[in-house]
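Worksheet: the structure to be examined is printed underneath.
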Amino acid sequence: MRHIISLLMENEAGALSRVAGLFSARGYNIESLTVAPTEDVTLSRMTIVTRGSNDVVEQITKQLNKLVDVVKVQDLTDGGHIERELMLVKVRAFGEYREEMKRMTDIFRGRVIDVTDKTYTIELTGDGQKLNAFLAALEPDAILETVRTGASGIGRGERVMKI
Amino acid sequence: MAETELSGAEILVRCLQAEGVKYVFGYPGGAVLNIYDEIHKQDAFKHILVRHEQAAVHAADAYSRATGRVGVALVTSGPGATNAVTGIATAYMDSIPMVVISGQVPTPAIGMDAFQEVDTVGITRPCVKHNFLVKDVHELAATIKKAFYIAATGRPGPVLVDIPKDVTQHLCAFDYPADIRMRSYNPTYKGHSGQIKRAVQMLLEAKRPMIYTGGGVILGNADRQVTELTRLLGYPVTSTLMGLGGYPAPDPLFLGMLGMHGTIEANMAMQHCDVLLAVGARFDDRVIGNPKHFAKEARRIIHIDVDPSSISKRVKVDVPIVGDVAQVLEEIARQIGTGTDRPDQSALKAWWAQIELWRSQDCLKYDRASEMIKPQFVIEKLYEVTGGDAYVTSDVGQHQMWAAQYYKFDKPRRWINSGGLGTMGFGLPAAMGVQLAFPDAMVACVTGEGSIQMNIQELSTCLQEKLPIKVILLNNRYLGMVRQWQEFFYEERYAESYIDALPDFVKLAEAYGHVGMTVEKPQDVEPALRDAFGKHKDRLVFLNFVTDPRENVYPMIPAGKGLSEMILL
């Protein structure tokens with residue numbers, strides 16, 4: 001099953017490699033991993049999307065907690081949560097494509113953020129499925145380049161991860 | 001420059017003094033010259049010059065295993081650090097508290113492929129509890145404090161501190177923190193009271209109870225608590241390779257070691273118990289074999305461990321208790337002692353009758369009439385001659401298993417071996433660390449002719465430090481455990497397991513300035529041992545016992561099989 005794990009860790013050199021190294025050493029999957037400093041610059045917040053049985057995911061959270069730099073770990077999938085991912089797509093936008101691209105972007109509530117005679121660059125946020133759906137809706141030939149951030153997640157409502 | 005400013009090298013030395021370090025095991029080199037210069041100027045701790053960095057780390061590791069204190073090793077950058085890696089991984093697998101200081105090229109040279117540069121922090125990351133690269137002399141003292149704190153607390157482990165050469169030259173005021181707090185690192189010591197209550201109830205309801213103890217009992221200094229609780233309940237107790245000595249082996253409640261080379265009674269009781277109390281153990285592959293086979297019999301499991309990730313890793317447990325094993329056991333014993341419920345004596349009697357039936361198979365029997373020296377016989381005689389009071393280090397292989405099976409450890413921290421990583425070459429440097437910690441103690445290194453040659457150069461260190469270690473070489477001319485597997489599982493194709501062209505070990509010992517003896521007949525075993533521990537008490541004695549090359553370690557559970565699928569003699 002897919003799990004979204006959030007963690008707060010000391011914003012120190014090498015902290016990311018400790019997490020990445022743990023996943024490869026123990027043979028855990030990483031579907032995506034995002035990391036950036038928080039409002040407290042001494043802390044980084046990381047979101048890891050992984051797949052595994054409940055036992056495996058339990059081990060993953062325990063092993064992450066064991067890392068000395070990790071301050072807090074939460075499996076967001078345990079409760080209500082929201083996830084978003086940002087995607088930038090560069091597409092062909094000339095001739096018959098130009099109108100079509102604009103319309104698809106509007107349908108998916110994306111925005112065109114860069115324009116040339118021949119291309120649009122589209123910004124789209126949402127969960128992974130929505131981004132996949134958008135790409136599937138486009139003519140494959142029209143897609144020039146895609147870049148995705150991987151999911152960021154946060155608990156719903158009063159659920160807060162903080163130290 | 002303010003008067004109170006010290007160099008990084010001097011700060012490091014002051015930190016080690018403040019930690020009460022007695023020995024630093026190491027080897028000098030370019031990147032650590034400033035540190036060595038400061039060590040030379042002081043005598044609060046002694047530096048032990050080894051002959052290979054791997055040995056420095058094993059010696060520091062064994063010093064820790066024998067004393068419970070944090071061992072310290074010091075190596076230079078590049079090959080110094082890479083040579084140390086096997087030692088660090090060995091300590092990591094067995095959760096040994098240790099601080100390894102490595103030199104690094106100067107900070108401006110990092111990443112430039114400088115002479116003797118490696119990414120030490122990167123290379124060691126998967127085999128340390130934590131590591132640091134100190135880039136600023138102002139962080140040095142606090143980092144060393146953290147290193148000792150992290151190494152010794154929670155589930156212990158090795159911590160590496162990589163110090164670039166320029167940091168050891170830079171100056172700053174020295175202030176060693178009295179204590180340290182880290183928001184990201186807070187081990188749990190106190191067991192959950194509700195879980196402890198459930199454990200007490202479950203233990204008292206047991207019809208076929210079993211207590212299974214591991215290295216955590218030794219590391220957590222819980223031998224007294226294990227012994228008290230076991231005797232209070234009258235339950236059978238077994239131990240892993242790493243837990244030996246946690247419960248006195250000669251006691252009738254002790255069923256011997258369990259696992260791949262465990263006794264019938266320990267393995268069968270483990271398989272057929274209805275309530276299992278696991279203490280500081282981790283159900284690893286050499287202990288329970290195949291987890292699916294283990295799960296065939298229903299049992300309820302209570303698991304006490306300081307490391308939550310050890311719980312429900314290979315085997316799902318019913319009552320997990322995260323905490324200090326000594327504290328939790330003490331609380332369990334207190335609740336049983338003050339309560340009115342008692343174990344079901346008639347069920348317990350029937351269970352013991354079953355266990356005695358298994359025990360009566362005498363699975364550790366061997367041919368005592370043999371004309372050749374049986375390796376088991378040497379260990380039995382070693383036990384007798386030393387009165388069971390020696391520190392025994394070992395390497396890895398058959399000799400290790402025989403030492404574990406036949407030397408009846410009745411005290412913790414006496415059995416010093418590489419259990420998790422299985423590092424050949426561990427035994428001799430380990431014996432150095434133990435002998436330095438306890439200069440008057442009997443220290444025996446039980447080894448094989450394969451293992452001893454992996455760190456044989458340390459015989460030179462032993463002479464320099466006048467360490468009267470007794471090397472008990474069980475020389476069967478084969479990499480015995482490899483040979484055994486080839487005999488059982490590869491139709492006797494002995495690929496590269498025969499060691500031809502062995503050195504003359506007596507001459508070798510003598511060349512290094514020690515006493516060497518070769519023993520070829522069973523009747524000469526005891527006199528040789530008596531000479532070694534008597535007449536030559538103050539010398540290193542290298543005893544080359546020429547043993548039966550075909551002897552195997554029994555019982556044996558083949559890899560991937562279950563606890564009740566033992567091969568017997």
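Starting from 1 in every chain, residues are counted up; chains themselves are A, B, ... following the order of the structure tokens, and ligands are numbered from 1 as listed.
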For range 5-21 of chain A: contacts at 10 Å, only C-alpha atoms, fewer than 5 positions along chain excluded, given as a short mmCIF file (atom, residue, chain, number, x, y, z; two decimals) with all heavy atoms, in the first residue's frame:
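Writing done, so here's result28.cif:
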data_model
loop_
_atom_site.label_atom_id
_atom_site.label_comp_id
_atom_site.auth_asym_id
_atom_site.auth_seq_id
_atom_site.Cartn_x
_atom_site.Cartn_y
_atom_site.Cartn_z
N ARG A 26 18.15 -0.87 3.19
CA ARG A 26 17.17 -1.83 3.68
C ARG A 26 16.19 -2.26 2.59
O ARG A 26 15.21 -2.96 2.87
CB ARG A 26 16.44 -1.27 4.90
CG ARG A 26 17.40 -1.12 6.09
CD ARG A 26 16.70 -0.87 7.40
NE ARG A 26 17.65 -0.71 8.48
CZ ARG A 26 18.07 -1.68 9.29
NH1 ARG A 26 17.60 -2.90 9.15
NH2 ARG A 26 18.95 -1.43 10.23
N GLY A 27 16.42 -1.80 1.39
CA GLY A 27 15.61 -2.25 0.27
C GLY A 27 14.18 -1.72 0.28
O GLY A 27 13.27 -2.37 -0.23
N TYR A 28 13.98 -0.53 0.85
CA TYR A 28 12.63 0.07 0.83
C TYR A 28 12.47 0.87 -0.45
O TYR A 28 13.43 1.39 -1.00
CB TYR A 28 12.44 1.01 2.03
CG TYR A 28 12.67 0.40 3.39
CD1 TYR A 28 13.29 1.14 4.40
CD2 TYR A 28 12.27 -0.90 3.69
CE1 TYR A 28 13.50 0.61 5.67
CE2 TYR A 28 12.47 -1.44 4.94
CZ TYR A 28 13.10 -0.69 5.93
OH TYR A 28 13.30 -1.23 7.17
N ILE A 30 11.31 4.10 -2.64
CA ILE A 30 10.97 5.52 -2.57
C ILE A 30 10.30 5.86 -3.89
O ILE A 30 10.90 5.69 -4.96
CB ILE A 30 12.21 6.45 -2.42
CG1 ILE A 30 12.98 6.14 -1.15
CG2 ILE A 30 11.76 7.91 -2.42
CD1 ILE A 30 14.15 7.09 -0.90
N LEU A 33 10.48 11.89 -3.06
CA LEU A 33 11.03 12.45 -1.83
C LEU A 33 11.20 13.95 -2.07
O LEU A 33 11.79 14.35 -3.07
CB LEU A 33 12.37 11.78 -1.54
CG LEU A 33 13.12 12.10 -0.25
CD1 LEU A 33 14.09 10.98 0.04
CD2 LEU A 33 13.86 13.41 -0.32
N THR A 34 10.63 14.74 -1.20
CA THR A 34 10.83 16.19 -1.31
C THR A 34 11.36 16.70 0.01
O THR A 34 11.03 16.16 1.08
CB THR A 34 9.52 16.94 -1.61
OG1 THR A 34 8.69 16.86 -0.46
CG2 THR A 34 8.80 16.35 -2.79
N VAL A 35 12.18 17.72 -0.05
CA VAL A 35 12.74 18.26 1.19
C VAL A 35 13.08 19.74 1.01
O VAL A 35 13.50 20.15 -0.07
CB VAL A 35 13.98 17.46 1.63
CG1 VAL A 35 15.09 17.50 0.60
CG2 VAL A 35 14.51 17.91 2.98
N ALA A 36 12.82 20.50 2.06
CA ALA A 36 13.19 21.92 2.08
C ALA A 36 13.17 22.40 3.52
O ALA A 36 12.51 21.78 4.37
CB ALA A 36 12.22 22.73 1.23
N PRO A 37 13.89 23.47 3.81
CA PRO A 37 13.85 24.01 5.18
C PRO A 37 12.45 24.51 5.53
O PRO A 37 11.67 24.87 4.65
CB PRO A 37 14.84 25.19 5.13
CG PRO A 37 15.65 24.98 3.90
CD PRO A 37 14.80 24.22 2.95
N THR A 38 12.16 24.53 6.83
CA THR A 38 10.86 25.03 7.30
C THR A 38 11.02 26.49 7.72
O THR A 38 12.06 27.08 7.51
CB THR A 38 10.38 24.22 8.52
OG1 THR A 38 11.30 24.43 9.58
CG2 THR A 38 10.29 22.75 8.19
N ASP A 40 11.41 27.43 10.58
CA ASP A 40 12.56 27.38 11.49
C ASP A 40 13.73 26.81 10.67
O ASP A 40 13.73 25.64 10.32
CB ASP A 40 12.20 26.46 12.67
CG ASP A 40 13.40 26.18 13.57
OD1 ASP A 40 14.52 26.60 13.22
OD2 ASP A 40 13.19 25.55 14.62
N VAL A 41 14.70 27.67 10.37
CA VAL A 41 15.73 27.24 9.40
C VAL A 41 16.62 26.12 9.91
O VAL A 41 17.36 25.52 9.14
CB VAL A 41 16.64 28.42 8.96
CG1 VAL A 41 15.85 29.40 8.13
CG2 VAL A 41 17.30 29.08 10.16
N THR A 42 16.54 25.81 11.20
CA THR A 42 17.35 24.69 11.70
C THR A 42 16.69 23.34 11.38
O THR A 42 17.27 22.29 11.63
CB THR A 42 17.59 24.79 13.21
OG1 THR A 42 16.34 24.63 13.89
CG2 THR A 42 18.21 26.12 13.58
N LEU A 43 15.46 23.39 10.88
CA LEU A 43 14.72 22.15 10.61
C LEU A 43 14.38 22.03 9.13
O LEU A 43 14.04 23.02 8.50
CB LEU A 43 13.40 22.14 11.39
CG LEU A 43 13.46 21.85 12.88
CD1 LEU A 43 12.07 22.03 13.47
CD2 LEU A 43 13.95 20.43 13.14
N SER A 44 14.45 20.82 8.63
CA SER A 44 13.95 20.54 7.28
C SER A 44 12.71 19.67 7.39
O SER A 44 12.62 18.83 8.29
CB SER A 44 15.00 19.77 6.47
OG SER A 44 16.04 20.62 6.11
N ARG A 45 11.82 19.85 6.45
CA ARG A 45 10.64 18.98 6.39
C ARG A 45 10.73 18.14 5.13
O ARG A 45 10.99 18.68 4.04
CB ARG A 45 9.37 19.84 6.37
CG ARG A 45 8.09 19.10 6.04
CD ARG A 45 7.41 18.56 7.27
NE ARG A 45 6.14 17.95 6.92
CZ ARG A 45 5.00 18.17 7.58
NH1 ARG A 45 4.97 19.01 8.60
NH2 ARG A 45 3.90 17.55 7.23
N MET A 46 10.52 16.87 5.32
CA MET A 46 10.65 15.96 4.20
C MET A 46 9.35 15.20 4.02
O MET A 46 8.70 14.85 5.02
CB MET A 46 11.80 14.99 4.51
CG MET A 46 12.22 14.11 3.37
SD MET A 46 13.58 13.01 3.85
CE MET A 46 14.97 14.08 3.79
N THR A 47 8.95 14.98 2.79
CA THR A 47 7.81 14.10 2.52
C THR A 47 8.31 12.95 1.65
O THR A 47 8.90 13.20 0.60
CB THR A 47 6.68 14.84 1.78
OG1 THR A 47 6.35 16.02 2.51
CG2 THR A 47 5.45 13.96 1.64
N ILE A 48 8.08 11.74 2.14
CA ILE A 48 8.50 10.56 1.37
C ILE A 48 7.27 9.76 1.01
O ILE A 48 6.45 9.47 1.87
CB ILE A 48 9.43 9.66 2.22
CG1 ILE A 48 10.67 10.43 2.69
CG2 ILE A 48 9.85 8.42 1.42
CD1 ILE A 48 11.45 9.70 3.76
N VAL A 49 7.14 9.45 -0.27
CA VAL A 49 6.06 8.55 -0.69
C VAL A 49 6.69 7.18 -0.92
O VAL A 49 7.68 7.06 -1.64
CB VAL A 49 5.36 9.05 -1.96
CG1 VAL A 49 4.27 8.07 -2.38
CG2 VAL A 49 4.79 10.44 -1.73
N THR A 50 6.14 6.19 -0.25
CA THR A 50 6.71 4.85 -0.34
C THR A 50 5.59 3.83 -0.47
O THR A 50 4.42 4.15 -0.26
CB THR A 50 7.59 4.55 0.90
OG1 THR A 50 8.19 3.28 0.77
CG2 THR A 50 6.77 4.57 2.19
N VAL A 57 6.12 -0.78 6.36
CA VAL A 57 5.99 0.65 6.63
C VAL A 57 6.22 0.93 8.12
O VAL A 57 6.83 1.94 8.49
CB VAL A 57 4.64 1.18 6.13
CG1 VAL A 57 4.44 2.63 6.56
CG2 VAL A 57 4.58 1.08 4.61
N ILE A 60 9.83 1.02 8.43
CA ILE A 60 10.37 2.25 7.84
C ILE A 60 10.26 3.40 8.84
O ILE A 60 11.22 4.13 9.08
CB ILE A 60 9.64 2.60 6.51
CG1 ILE A 60 10.00 1.59 5.43
CG2 ILE A 60 9.99 4.01 6.06
CD1 ILE A 60 9.24 1.76 4.12
N THR A 61 9.10 3.54 9.46
CA THR A 61 8.95 4.67 10.40
C THR A 61 9.85 4.48 11.61
O THR A 61 10.45 5.44 12.10
CB THR A 61 7.48 4.86 10.84
OG1 THR A 61 7.02 3.63 11.39
CG2 THR A 61 6.59 5.26 9.72
N GLN A 63 12.74 2.85 11.68
CA GLN A 63 14.13 3.07 11.27
C GLN A 63 14.40 4.56 11.05
O GLN A 63 15.48 5.05 11.38
CB GLN A 63 14.45 2.29 9.98
CG GLN A 63 14.43 0.78 10.14
CD GLN A 63 15.57 0.23 11.00
OE1 GLN A 63 16.52 0.93 11.30
NE2 GLN A 63 15.45 -1.02 11.41
N LEU A 64 13.40 5.28 10.51
CA LEU A 64 13.58 6.73 10.33
C LEU A 64 13.72 7.41 11.68
O LEU A 64 14.57 8.27 11.88
CB LEU A 64 12.40 7.32 9.54
CG LEU A 64 12.38 7.02 8.05
CD1 LEU A 64 11.04 7.42 7.44
CD2 LEU A 64 13.52 7.74 7.33
N ASN A 65 12.87 7.00 12.62
CA ASN A 65 12.94 7.57 13.97
C ASN A 65 14.29 7.33 14.62
O ASN A 65 14.73 8.10 15.45
CB ASN A 65 11.86 6.94 14.85
CG ASN A 65 10.65 7.84 14.98
OD1 ASN A 65 10.79 9.04 15.23
ND2 ASN A 65 9.47 7.28 14.78
N LEU A 67 17.18 7.34 13.20
CA LEU A 67 18.25 8.22 12.70
C LEU A 67 18.41 9.38 13.68
O LEU A 67 17.43 10.03 14.06
CB LEU A 67 17.91 8.75 11.31
CG LEU A 67 17.89 7.72 10.18
CD1 LEU A 67 17.46 8.39 8.88
CD2 LEU A 67 19.26 7.07 10.00
N VAL A 68 19.66 9.62 14.05
CA VAL A 68 19.91 10.61 15.11
C VAL A 68 19.47 12.01 14.69
O VAL A 68 19.03 12.80 15.52
CB VAL A 68 21.40 10.56 15.51
CG1 VAL A 68 21.78 11.74 16.39
CG2 VAL A 68 21.70 9.25 16.24
N ASP A 69 19.53 12.34 13.39
CA ASP A 69 19.13 13.68 12.94
C ASP A 69 17.62 13.87 12.83
O ASP A 69 17.15 15.00 12.65
CB ASP A 69 19.73 13.96 11.55
CG ASP A 69 21.20 14.31 11.63
OD1 ASP A 69 21.65 14.76 12.70
OD2 ASP A 69 21.91 14.14 10.61
N VAL A 70 16.87 12.79 12.89
CA VAL A 70 15.42 12.90 12.68
C VAL A 70 14.73 13.28 13.99
O VAL A 70 14.91 12.64 15.01
CB VAL A 70 14.85 11.59 12.12
CG1 VAL A 70 13.33 11.59 12.13
CG2 VAL A 70 15.38 11.36 10.70
N VAL A 71 13.95 14.35 13.93
CA VAL A 71 13.28 14.85 15.14
C VAL A 71 11.90 14.23 15.29
O VAL A 71 11.48 13.88 16.38
CB VAL A 71 13.18 16.40 15.10
CG1 VAL A 71 12.59 16.93 16.39
CG2 VAL A 71 14.55 17.02 14.85
N LYS A 72 11.18 14.11 14.17
CA LYS A 72 9.81 13.59 14.26
C LYS A 72 9.42 12.89 12.97
O LYS A 72 9.80 13.33 11.89
CB LYS A 72 8.87 14.77 14.50
CG LYS A 72 7.69 14.42 15.37
CD LYS A 72 7.04 15.64 15.94
CE LYS A 72 6.32 15.24 17.21
NZ LYS A 72 5.69 16.38 17.84
N VAL A 73 8.65 11.83 13.12
CA VAL A 73 8.18 11.08 11.95
C VAL A 73 6.68 10.85 12.10
O VAL A 73 6.19 10.54 13.17
CB VAL A 73 8.86 9.68 11.86
CG1 VAL A 73 8.36 8.92 10.63
CG2 VAL A 73 10.37 9.80 11.82
N GLN A 74 5.96 11.03 10.98
CA GLN A 74 4.52 10.76 11.01
C GLN A 74 4.13 10.09 9.70
O GLN A 74 4.56 10.53 8.63
CB GLN A 74 3.80 12.10 11.14
CG GLN A 74 2.44 12.00 11.78
CD GLN A 74 1.84 13.38 11.99
OE1 GLN A 74 1.66 14.13 11.02
NE2 GLN A 74 1.54 13.73 13.22
N ASP A 75 3.34 9.03 9.83
CA ASP A 75 2.78 8.42 8.63
C ASP A 75 1.47 9.14 8.36
O ASP A 75 0.47 8.90 9.03
CB ASP A 75 2.56 6.92 8.87
CG ASP A 75 2.05 6.21 7.62
OD1 ASP A 75 1.71 6.91 6.64
OD2 ASP A 75 1.99 4.97 7.63
N LEU A 76 1.46 10.03 7.40
CA LEU A 76 0.26 10.85 7.15
C LEU A 76 -0.93 9.99 6.76
O LEU A 76 -2.08 10.35 6.99
CB LEU A 76 0.53 11.87 6.04
CG LEU A 76 1.42 13.05 6.41
CD1 LEU A 76 1.63 13.93 5.18
CD2 LEU A 76 0.83 13.87 7.54
N THR A 77 -0.65 8.84 6.18
CA THR A 77 -1.70 7.95 5.72
C THR A 77 -2.53 7.40 6.88
O THR A 77 -3.62 6.89 6.68
CB THR A 77 -1.06 6.79 4.91
OG1 THR A 77 0.12 7.27 4.30
CG2 THR A 77 -1.98 6.29 3.84
N ASP A 78 -2.01 7.53 8.10
CA ASP A 78 -2.75 7.06 9.27
C ASP A 78 -4.00 7.88 9.56
O ASP A 78 -4.85 7.48 10.36
CB ASP A 78 -1.87 7.12 10.53
CG ASP A 78 -0.88 5.97 10.58
OD1 ASP A 78 -1.08 5.01 9.81
OD2 ASP A 78 0.06 6.05 11.37
N SER A 152 4.07 16.70 -1.64
CA SER A 152 4.23 17.25 -0.30
C SER A 152 2.93 16.97 0.43
O SER A 152 1.87 17.06 -0.16
CB SER A 152 4.45 18.75 -0.34
OG SER A 152 5.72 19.02 -0.84
N GLY A 153 3.02 16.64 1.69
CA GLY A 153 1.80 16.28 2.42
C GLY A 153 1.69 17.00 3.73
O GLY A 153 2.68 17.41 4.33
N ILE A 154 0.45 17.14 4.19
CA ILE A 154 0.18 17.79 5.48
C ILE A 154 -1.10 17.18 6.05
O ILE A 154 -1.99 16.78 5.29
CB ILE A 154 0.07 19.33 5.28
CG1 ILE A 154 0.17 20.08 6.62
CG2 ILE A 154 -1.20 19.71 4.53
CD1 ILE A 154 0.46 21.57 6.46
N GLY A 155 -1.18 17.10 7.37
CA GLY A 155 -2.36 16.54 8.01
C GLY A 155 -3.57 17.46 7.86
O GLY A 155 -3.42 18.67 7.71
N MET A 161 2.10 18.70 12.83
CA MET A 161 3.38 18.10 13.16
C MET A 161 4.38 19.22 13.43
O MET A 161 4.71 20.01 12.55
CB MET A 161 3.88 17.23 12.01
CG MET A 161 5.17 16.57 12.34
SD MET A 161 5.46 15.09 11.37
CE MET A 161 6.81 15.60 10.38
N LYS A 162 4.81 19.30 14.65
CA LYS A 162 5.62 20.43 15.11
C LYS A 162 6.43 19.95 16.29
O LYS A 162 6.09 18.94 16.92
CB LYS A 162 4.64 21.53 15.56
CG LYS A 162 5.14 22.94 15.37
CD LYS A 162 4.03 23.91 15.76
CE LYS A 162 4.60 25.25 16.14
NZ LYS A 162 5.20 26.01 15.08
N ILE A 163 7.52 20.67 16.59
CA ILE A 163 8.24 20.26 17.81
C ILE A 163 8.06 21.33 18.89
O ILE A 163 7.71 22.45 18.59
CB ILE A 163 9.75 20.02 17.56
CG1 ILE A 163 10.42 21.25 16.97
CG2 ILE A 163 9.94 18.81 16.67
CD1 ILE A 163 11.91 21.19 17.11
N VAL B 121 32.96 9.98 6.08
CA VAL B 121 31.59 10.06 6.61
C VAL B 121 30.63 9.30 5.68
O VAL B 121 29.74 8.58 6.14
CB VAL B 121 31.19 11.54 6.80
CG1 VAL B 121 29.70 11.69 6.98
CG2 VAL B 121 31.92 12.12 8.01
N GLY B 122 30.86 9.42 4.37
CA GLY B 122 30.02 8.71 3.41
C GLY B 122 30.22 7.20 3.47
O GLY B 122 29.27 6.42 3.46
N ARG B 125 28.78 5.76 6.84
CA ARG B 125 27.40 6.10 7.22
C ARG B 125 26.51 4.88 7.49
O ARG B 125 25.82 4.84 8.51
CB ARG B 125 26.75 7.01 6.18
CG ARG B 125 25.39 7.56 6.61
CD ARG B 125 24.82 8.53 5.59
NE ARG B 125 25.68 9.68 5.45
CZ ARG B 125 26.23 10.09 4.30
NH1 ARG B 125 25.97 9.45 3.18
NH2 ARG B 125 27.00 11.13 4.26
N PRO B 126 26.54 3.86 6.64
CA PRO B 126 25.64 2.72 6.90
C PRO B 126 26.09 1.82 8.04
O PRO B 126 25.36 0.91 8.41
CB PRO B 126 25.65 1.94 5.59
CG PRO B 126 26.53 2.68 4.66
CD PRO B 126 27.28 3.70 5.41
N HIS B 130 26.00 6.96 14.36
CA HIS B 130 25.97 8.32 13.83
C HIS B 130 27.39 8.73 13.50
O HIS B 130 28.33 8.14 14.03
CB HIS B 130 25.37 9.28 14.87
CG HIS B 130 24.90 10.58 14.28
ND1 HIS B 130 23.96 10.64 13.29
CD2 HIS B 130 25.26 11.87 14.51
CE1 HIS B 130 23.74 11.91 12.96
NE2 HIS B 130 24.53 12.67 13.68
N ASN B 131 27.54 9.71 12.61
CA ASN B 131 28.89 10.23 12.38
C ASN B 131 28.85 11.72 12.15
O ASN B 131 27.80 12.30 11.88
CB ASN B 131 29.61 9.46 11.27
CG ASN B 131 28.91 9.52 9.94
OD1 ASN B 131 28.04 10.36 9.72
ND2 ASN B 131 29.26 8.62 9.05
N PHE B 132 30.02 12.33 12.32
CA PHE B 132 30.15 13.79 12.20
C PHE B 132 31.38 14.13 11.38
O PHE B 132 32.41 13.45 11.50
CB PHE B 132 30.36 14.42 13.59
CG PHE B 132 29.24 14.23 14.56
CD1 PHE B 132 29.27 13.16 15.47
CD2 PHE B 132 28.17 15.12 14.61
CE1 PHE B 132 28.25 13.00 16.39
CE2 PHE B 132 27.15 14.95 15.54
CZ PHE B 132 27.19 13.89 16.43
N LEU B 133 31.29 15.21 10.62
CA LEU B 133 32.48 15.84 10.04
C LEU B 133 32.58 17.21 10.72
O LEU B 133 31.65 18.01 10.64
CB LEU B 133 32.30 16.00 8.52
CG LEU B 133 33.36 16.85 7.81
CD1 LEU B 133 34.74 16.22 7.92
CD2 LEU B 133 33.00 17.03 6.34
N ARG B 183 17.37 17.51 20.75
CA ARG B 183 15.92 17.38 20.54
C ARG B 183 15.59 16.20 19.64
O ARG B 183 14.48 15.68 19.66
CB ARG B 183 15.35 18.68 19.96
CG ARG B 183 15.92 19.01 18.60
CD ARG B 183 15.33 20.30 18.05
NE ARG B 183 16.05 20.67 16.83
CZ ARG B 183 15.82 21.79 16.15
NH1 ARG B 183 14.91 22.64 16.57
NH2 ARG B 183 16.51 22.05 15.05
N SER B 184 16.57 15.80 18.82
CA SER B 184 16.28 14.73 17.86
C SER B 184 16.64 13.35 18.40
O SER B 184 16.49 12.36 17.70
CB SER B 184 17.05 14.99 16.57
OG SER B 184 18.44 14.90 16.81
#
Would you mind listing, for every residue of chain B within 12 Å of chain A, the two atoms forming the shortest contact and the distance between them in Å to one decimal, using only C-alpha atoms, sorted by chain and ascending residue number, as a Markdown table?
| residue | atom | partner | partner_atom | distance |
| --- | --- | --- | --- | --- |
| B:Asp119 | CA | A:Gly14 | CA | 11.7 |
| B:Val121 | CA | A:Gly14 | CA | 8.8 |
| B:Gly122 | CA | A:Gly14 | CA | 8.5 |
| B:Ile123 | CA | A:Gly21 | CA | 10.9 |
| B:Thr124 | CA | A:Arg18 | CA | 10.9 |
| B:Arg125 | CA | A:Arg18 | CA | 7.2 |
| B:Pro126 | CA | A:Gly21 | CA | 7.1 |
| B:Cys127 | CA | A:Ala25 | CA | 10.4 |
| B:Val128 | CA | A:Leu67 | CA | 10.5 |
| B:Lys129 | CA | A:Val68 | CA | 7.8 |
| B:His130 | CA | A:Val68 | CA | 6.6 |
| B:Asn131 | CA | A:Val68 | CA | 9.4 |
| B:Phe132 | CA | A:Gly14 | CA | 9.2 |
| B:Leu133 | CA | A:Ala13 | CA | 9.1 |
| B:Val134 | CA | A:Ala13 | CA | 11.0 |
| B:Lys135 | CA | A:Ala13 | CA | 10.8 |
| B:Lys146 | CA | A:Val68 | CA | 10.7 |
| B:Ala147 | CA | A:Val68 | CA | 11.0 |
| B:Tyr149 | CA | A:Val68 | CA | 11.6 |
| B:Ile150 | CA | A:Val68 | CA | 8.4 |
| B:Ala151 | CA | A:Val68 | CA | 11.0 |
| B:Thr153 | CA | A:Val68 | CA | 11.8 |
| B:Gly154 | CA | A:Lys66 | CA | 10.0 |
| B:Arg155 | CA | A:Lys66 | CA | 9.7 |
| B:Pro156 | CA | A:Lys66 | CA | 11.8 |
| B:Gly157 | CA | A:Val68 | CA | 11.8 |
| B:Val159 | CA | A:Val68 | CA | 10.9 |
| B:Met182 | CA | A:Val68 | CA | 9.0 |
| B:Arg183 | CA | A:Val71 | CA | 6.5 |
| B:Ser184 | CA | A:Val71 | CA | 4.0 |
| B:Tyr185 | CA | A:Val68 | CA | 5.7 |
| B:Asn186 | CA | A:Val68 | CA | 9.1 |
| B:Pro187 | CA | A:Lys66 | CA | 9.2 |
| B:Thr188 | CA | A:Lys66 | CA | 11.4 |
| B:Val306 | CA | A:Lys66 | CA | 11.2 |
| B:Asp307 | CA | A:Lys66 | CA | 8.2 |
| B:Pro308 | CA | A:Lys62 | CA | 6.6 |
| B:Ser309 | CA | A:Lys62 | CA | 5.2 |
| B:Ser310 | CA | A:Gln59 | CA | 8.9 |
| B:Ile311 | CA | A:Gln59 | CA | 9.1 |
| B:Ser312 | CA | A:Asp55 | CA | 8.1 |
| B:Lys313 | CA | A:Gln59 | CA | 6.8 |
| B:Arg314 | CA | A:Asp55 | CA | 9.5 |
| B:Val315 | CA | A:Asp55 | CA | 10.2 |
| B:Lys316 | CA | A:Asp55 | CA | 8.9 |
| B:Val317 | CA | A:Asp55 | CA | 11.8 |
| B:Val322 | CA | A:Lys62 | CA | 12.0 |
From a DSSP pass on the backbone, collect the residues of range 14-160 of chain A flagged as helix (DSSP H, G or I) and hand them back as a VMD selection string. chain A and resid 15 to 25 54 to 66 76 to 78 96 to 107 128 to 137 140 to 142
